[in-house]
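Encoded as structure tokens, the structure appears first; notes follow it.
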Amino acid sequence: MPSIKDRIIQVLVEDKLISKEKLEDALLLQREKGGQLRDILVGAKLIDEDKLLAAMSRVFSKPSIDISRFKITPELLKLIPVNICRQYQIVPLALLADTITLAMADPLNILALDDVKALTGYKINPIIADSRRINQALEQWFDKGSSREMIEDLLEDIPDENIELIQERKEAELSLDDLGRLSRQAPVVSFVNSLLEHAVGLKVSDVLIEPQEESLRIRMRIDGMLKEQPGNPKAMCPLVVSRIKVMSGLDIAEHRLPQDGRFKLKLGEREVDFRVSVLPSSWGEKVVIRVLDKAQVKLDIDALGFQEGPLADLKKCAFRPYGMVLVTGPTGSGKTTTLYSLLKLVDRPKINIVTVEDPVEFQIPGINQVSIQPEAGLTFSSALRSILRQDPNVIMVGEIRDSETADIAIKSALTGHMVFSTLHTTTASGAVVRLVNMGIEPFLINSSVSCIVAQRLARVLCPNCKEKYELKEDVVARLKLSSVAGEPHIFFRPRGCRECFNTGYRLRVILAEILMVSPAIKELILHKAQEHKIKQCARDEGMLTLREDGLAKARAGITSLEEVIRVTAADE
């Protein structure tokens, strides 16, 4: 089955919109420099954008329009922030009942559709529009709308005589030379080193350094929850940020743009990697440091918390000679750790394993790992095409973000490769619907995907201080818990002690649902069944949902009922 890109190329050639020779030149340029083929064709004036839109409309089976003919009302402009519109090249055109008609340069941009749906709460009806006209509409209507609102606000409000202009207090700015000199002095170096050593000792996953109006807030994420470290004066902020920039090899003179870097420290006998993200904010530069401590990461699939039966099915799929295993869940749900554990499980000297990630979090001996570099044209899709020429047996794709990557990954699974990847969906059955929305044909999904894992991370109760209690009947009824007549519902709850820093929890465990693509599931996929029908069929075949797996672990005293309710949704 040809990919979406191949189908667009086929339409362009069949309709004689572009010659094969010019098309080959454009494809060669794309391979050399990266980027979207659409932008290359239009930028080089090889094809008129209106004709390209018509071809895309045929392939996507979605209408294309000229948005310059539309008048966009102020009410529509308020639905989606202008920065989101510019980021995704979208414009809201109409709102009818619970559906927004959205003009999009790329109607298969799933991330854009998800963000707008989550932001507005409305369903989305995407249509294709010229990216140039979208940018013109954004400049015209958003600027006009904001100016009109500002004038109306000025005319509407009567000035109050008791108004005093407060001058914004500015911190004394240090020169670049002072920043560089002070960031290398002993007190600052000692403070940052002590902070990082403390974070590693507490098994922290992230350190957040956030300038506030009056102070410097430092928070640490321990077992998924943020805990504030008090007593940090605001004057320390530029020095601490500059020190971290120096350690990460970043530009200490740049304060207006985001920066990303990484560094490594030797603490005692072990080395710890740190990944750094710097973001300008209202009161200074915010820094988030991801702590990547190999000593705290156990790449053992048996130790992650999967239940015995589903884990056996997952292992069976991982050892197949070809196919695809998808791991889904939100950011911070442990998807990468699960994938790394699967890679370590199947790793053998006779197997060639290659990964493409953004970025590489842990270096695994014996595995070839590639970090994408979009600015250089090395994207998931372009890296994946090159990897296929490296004679791999097993491929790991860090994340399927777009239809092109999904298409190549699916075809890799069909042509004799074992593919592991992640997808941002909340449930296992939702991954099927997501792939269909990305333009993957249902029969290709049936032929390639072996199983789908959806997972969350729940905190584990401290074994030294957890205590039993009996759940009240009204709570049992509200949670729809199954019960046996005469038997109490016994669960465990946190109490807090010195061992767990009075939180009642230590470490985290996986809650998972593993959907095996059985013949019955394949039949539903082939007919493009809705998500809840696929999920119900899987449950009828024995799949434990995220909530059910969590309740089982709560009854066993591994986690608490509160944690299960916090990280999982109720089953419909």
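Numbering starts fresh at 1 for the residues of each chain in the structure tokens, the chains themselves are lettered A, B, ... in the order given, and ligands are numbered from 1 as they appear.
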- prompt: Thr337 (chain A): which residues within 12 Å, counting only C-alpha atoms, same-chain residues fewer than 4 positions away excluded, as a ChimeraX atom specification?
  reply: /A:292,294,296-301,303-304,327,332-333,341-344,360-362,364,398,421-422,455-457,509-510
message: To test your reading of the structure, identify every residue in region 171-409 of chain A that backbone DSSP assigns to strand (DSSP E or B), and report it as number ranges by chain.
response: A: 204-211, 215-222, 225-229, 233, 259-267, 270-281, 284-292, 323-328, 353-357, 368-371, 373, 378, 394-397
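Of the residues under consideration (A:Ala318, A:Lys20, A:Ile400, A:Arg221), A:Arg221 shows the shortest atom-to-atom contact distance to Leu202 (chain A) when counting only C-alpha atoms.
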- prompt: If we count only C-alpha atoms, what is near Glu441 (chain A) at a cut-off of 12 Å, once residues fewer than 5 positions away on the same chain are taken out, given as JSON, numbers by chain?
  reply: {"A": [1, 2, 3, 4, 403, 406, 407, 410, 411, 432, 433, 434, 435, 436, 446, 447, 448, 525, 526, 527, 528]}
Output file for the residues above (all heavy atoms, as a compact mmCIF listing (two decimals), in the first residue's frame):
# COMPACT_ATOMS: atom_id res chain seq x y z
N MET A 1 0.86 -1.21 0.00
CA MET A 1 0.00 0.00 0.00
C MET A 1 0.89 1.24 0.00
O MET A 1 1.74 1.40 0.88
CB MET A 1 -0.88 -0.01 1.26
CG MET A 1 -1.84 1.16 1.37
SD MET A 1 -3.16 1.08 0.12
CE MET A 1 -3.97 2.64 0.36
N PRO A 2 0.77 2.13 -0.97
CA PRO A 2 1.62 3.33 -1.01
C PRO A 2 1.34 4.25 0.17
O PRO A 2 0.22 4.32 0.66
CB PRO A 2 1.25 3.99 -2.35
CG PRO A 2 -0.11 3.48 -2.66
CD PRO A 2 -0.18 2.09 -2.11
N SER A 3 2.37 4.99 0.61
CA SER A 3 2.20 5.94 1.70
C SER A 3 1.43 7.17 1.20
O SER A 3 1.21 7.34 0.00
CB SER A 3 3.57 6.38 2.23
OG SER A 3 4.25 7.11 1.23
N ILE A 4 1.06 8.03 2.15
CA ILE A 4 0.35 9.26 1.79
C ILE A 4 1.21 10.12 0.87
O ILE A 4 0.73 10.68 -0.12
CB ILE A 4 -0.04 10.04 3.06
CG1 ILE A 4 -1.12 9.26 3.83
CG2 ILE A 4 -0.53 11.43 2.73
CD1 ILE A 4 -1.47 9.85 5.16
N SER A 403 2.30 11.27 10.33
CA SER A 403 1.84 10.20 9.45
C SER A 403 2.99 9.56 8.68
O SER A 403 2.97 8.35 8.43
CB SER A 403 0.80 10.75 8.47
OG SER A 403 1.33 11.84 7.74
N ALA A 406 4.79 7.16 11.00
CA ALA A 406 3.90 6.01 11.23
C ALA A 406 3.91 5.09 10.01
O ALA A 406 3.98 3.86 10.16
CB ALA A 406 2.49 6.50 11.51
N ASP A 407 3.86 5.68 8.83
CA ASP A 407 3.83 4.89 7.60
C ASP A 407 5.10 4.06 7.43
O ASP A 407 5.06 2.86 7.13
CB ASP A 407 3.64 5.83 6.41
CG ASP A 407 3.46 5.08 5.10
OD1 ASP A 407 2.40 4.49 4.90
OD2 ASP A 407 4.40 5.08 4.28
N ILE A 410 5.25 1.25 10.17
CA ILE A 410 4.34 0.14 9.85
C ILE A 410 4.92 -0.73 8.74
O ILE A 410 4.91 -1.97 8.83
CB ILE A 410 2.96 0.70 9.43
CG1 ILE A 410 2.23 1.31 10.63
CG2 ILE A 410 2.11 -0.38 8.77
CD1 ILE A 410 1.65 0.31 11.60
N LYS A 411 5.44 -0.10 7.69
CA LYS A 411 6.00 -0.87 6.58
C LYS A 411 7.27 -1.61 6.99
O LYS A 411 7.56 -2.70 6.47
CB LYS A 411 6.27 0.06 5.39
CG LYS A 411 4.99 0.51 4.71
CD LYS A 411 5.26 1.39 3.53
CE LYS A 411 3.94 1.77 2.84
NZ LYS A 411 4.14 2.70 1.71
N VAL A 432 -5.11 2.49 18.26
CA VAL A 432 -5.62 2.02 16.97
C VAL A 432 -6.30 3.17 16.24
O VAL A 432 -6.06 3.42 15.04
CB VAL A 432 -6.59 0.85 17.16
CG1 VAL A 432 -7.20 0.46 15.83
CG2 VAL A 432 -5.87 -0.34 17.79
N VAL A 433 -7.16 3.88 16.96
CA VAL A 433 -7.89 5.01 16.37
C VAL A 433 -6.91 6.10 15.93
O VAL A 433 -7.07 6.71 14.87
CB VAL A 433 -8.92 5.57 17.37
CG1 VAL A 433 -9.65 6.78 16.79
CG2 VAL A 433 -9.91 4.50 17.77
N ARG A 434 -5.85 6.33 16.74
CA ARG A 434 -4.86 7.33 16.38
C ARG A 434 -4.15 6.98 15.08
O ARG A 434 -3.96 7.83 14.20
CB ARG A 434 -3.84 7.46 17.52
CG ARG A 434 -2.62 8.34 17.22
CD ARG A 434 -3.00 9.78 16.89
NE ARG A 434 -3.81 10.37 17.91
CZ ARG A 434 -3.34 10.95 19.02
NH1 ARG A 434 -2.05 10.99 19.22
NH2 ARG A 434 -4.16 11.49 19.87
N LEU A 435 -3.77 5.73 14.90
CA LEU A 435 -3.10 5.31 13.68
C LEU A 435 -4.00 5.48 12.45
O LEU A 435 -3.55 5.91 11.39
CB LEU A 435 -2.64 3.85 13.80
CG LEU A 435 -1.45 3.59 14.74
CD1 LEU A 435 -1.21 2.10 14.90
CD2 LEU A 435 -0.19 4.28 14.25
N VAL A 436 -5.28 5.14 12.62
CA VAL A 436 -6.24 5.32 11.52
C VAL A 436 -6.36 6.81 11.17
O VAL A 436 -6.38 7.20 10.00
CB VAL A 436 -7.61 4.73 11.88
CG1 VAL A 436 -8.66 5.10 10.82
CG2 VAL A 436 -7.52 3.21 12.01
N ASN A 446 -3.60 -4.28 11.09
CA ASN A 446 -3.82 -5.68 11.43
C ASN A 446 -2.61 -6.55 11.10
O ASN A 446 -2.30 -7.51 11.82
CB ASN A 446 -5.05 -6.22 10.69
CG ASN A 446 -6.35 -5.74 11.28
OD1 ASN A 446 -6.36 -5.25 12.41
ND2 ASN A 446 -7.43 -5.86 10.55
N SER A 447 -1.93 -6.23 10.01
CA SER A 447 -0.82 -7.07 9.56
C SER A 447 0.48 -6.79 10.31
O SER A 447 1.40 -7.59 10.25
CB SER A 447 -0.58 -6.85 8.06
OG SER A 447 -1.73 -7.15 7.32
N SER A 448 0.56 -5.64 10.99
CA SER A 448 1.84 -5.24 11.58
C SER A 448 1.83 -5.20 13.11
O SER A 448 2.79 -5.65 13.75
CB SER A 448 2.26 -3.87 11.04
OG SER A 448 1.27 -2.91 11.31
N ILE A 525 -10.97 -3.60 13.91
CA ILE A 525 -10.08 -2.59 13.30
C ILE A 525 -10.39 -2.45 11.81
O ILE A 525 -10.43 -1.35 11.27
CB ILE A 525 -8.60 -2.98 13.51
CG1 ILE A 525 -8.24 -2.93 15.00
CG2 ILE A 525 -7.68 -2.05 12.72
CD1 ILE A 525 -6.85 -3.45 15.31
N LEU A 526 -10.61 -3.59 11.15
CA LEU A 526 -10.89 -3.58 9.72
C LEU A 526 -12.14 -2.77 9.40
O LEU A 526 -12.22 -2.13 8.34
CB LEU A 526 -11.05 -5.03 9.23
CG LEU A 526 -10.92 -5.27 7.71
CD1 LEU A 526 -9.56 -4.83 7.21
CD2 LEU A 526 -11.18 -6.72 7.39
N HIS A 527 -13.11 -2.77 10.31
CA HIS A 527 -14.35 -2.02 10.10
C HIS A 527 -14.32 -0.66 10.78
O HIS A 527 -15.36 -0.02 10.96
CB HIS A 527 -15.54 -2.84 10.61
CG HIS A 527 -15.83 -4.07 9.77
ND1 HIS A 527 -15.25 -5.28 10.03
CD2 HIS A 527 -16.61 -4.24 8.67
CE1 HIS A 527 -15.67 -6.17 9.14
NE2 HIS A 527 -16.48 -5.57 8.30
N LYS A 528 -13.10 -0.23 11.19
CA LYS A 528 -12.92 1.10 11.81
C LYS A 528 -13.86 1.32 12.98
O LYS A 528 -14.54 2.35 13.09
CB LYS A 528 -13.09 2.21 10.77
CG LYS A 528 -12.06 2.17 9.65
CD LYS A 528 -12.18 3.36 8.71
CE LYS A 528 -11.12 3.33 7.61
NZ LYS A 528 -11.21 4.48 6.70
task: Could you find all residues in region 205-361 of chain A that DSSP calls alpha helix (DSSP H) from the backbone, and write them as a count of residues only?
output: 35
- prompt: Using only C-alpha atoms, which of the listed residues (A:Val517, A:Leu12, A:Leu196, A:Leu113) sits closest to Lys266 (chain A)?
  reply: A:Leu196
field: Shell around Ser371 (chain A) at 9 Å using only C-alpha atoms, local window under 6 positions removed, as a PyMOL selection string
entry: chain A and resi 355-360+378+383
message: As an exercise, work out the distance from CA of Ile124 (chain A) to CA of Thr99 (chain A) in Å and give it to one decimal place.
response: 5.6 Å
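Residues within 12 Å of Asp313 (chain A), counting only C-alpha atoms and excluding same-chain residues fewer than 6 positions away, are Phe306, Gln307, Phe319, Arg320, Val325, Ser450, Cys451, Ile452, Val453, Glu513, Ile514, Leu515, Met516, Val517, Ser518, Gly542 and Met543 of chain A.
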- prompt: Excluding same-chain residues fewer than 2 positions from Gln229 (chain A), what lies within 9 Å of it counting only C-alpha atoms, as a ChimeraX atom specification?
  reply: /A:217-220,227,231-232
Output N, CA, C and O atoms of each residue in that selection to a file, as a PDB file, in the first residue's frame.
ATOM      1  N   ARG A 217      12.473  29.972  43.500  1.00  0.00           N
ATOM      2  CA  ARG A 217      11.824  28.731  43.925  1.00  0.00           C
ATOM      3  C   ARG A 217      12.541  27.539  43.302  1.00  0.00           C
ATOM      4  O   ARG A 217      12.730  27.494  42.084  1.00  0.00           O
ATOM      5  N   ILE A 218      12.922  26.587  44.134  1.00  0.00           N
ATOM      6  CA  ILE A 218      13.536  25.350  43.665  1.00  0.00           C
ATOM      7  C   ILE A 218      12.650  24.186  44.096  1.00  0.00           C
ATOM      8  O   ILE A 218      12.355  24.029  45.282  1.00  0.00           O
ATOM      9  N   ARG A 219      12.217  23.410  43.112  1.00  0.00           N
ATOM     10  CA  ARG A 219      11.356  22.258  43.403  1.00  0.00           C
ATOM     11  C   ARG A 219      11.973  21.001  42.820  1.00  0.00           C
ATOM     12  O   ARG A 219      12.651  21.050  41.789  1.00  0.00           O
ATOM     13  N   MET A 220      11.717  19.872  43.480  1.00  0.00           N
ATOM     14  CA  MET A 220      12.227  18.586  43.024  1.00  0.00           C
ATOM     15  C   MET A 220      11.066  17.612  42.855  1.00  0.00           C
ATOM     16  O   MET A 220      10.183  17.547  43.715  1.00  0.00           O
ATOM     17  N   LYS A 227       8.166  18.676  45.184  1.00  0.00           N
ATOM     18  CA  LYS A 227       8.372  19.097  46.568  1.00  0.00           C
ATOM     19  C   LYS A 227       9.289  20.308  46.567  1.00  0.00           C
ATOM     20  O   LYS A 227      10.374  20.289  45.975  1.00  0.00           O
ATOM     21  N   GLY A 231      13.784  28.667  51.166  1.00  0.00           N
ATOM     22  CA  GLY A 231      14.920  29.482  51.591  1.00  0.00           C
ATOM     23  C   GLY A 231      15.955  29.787  50.536  1.00  0.00           C
ATOM     24  O   GLY A 231      17.156  29.617  50.769  1.00  0.00           O
ATOM     25  N   ASN A 232      15.526  30.287  49.350  1.00  0.00           N
ATOM     26  CA  ASN A 232      16.474  30.621  48.289  1.00  0.00           C
ATOM     27  C   ASN A 232      16.264  32.068  47.847  1.00  0.00           C
ATOM     28  O   ASN A 232      15.239  32.392  47.253  1.00  0.00           O
TER      29      ASN A 232
END
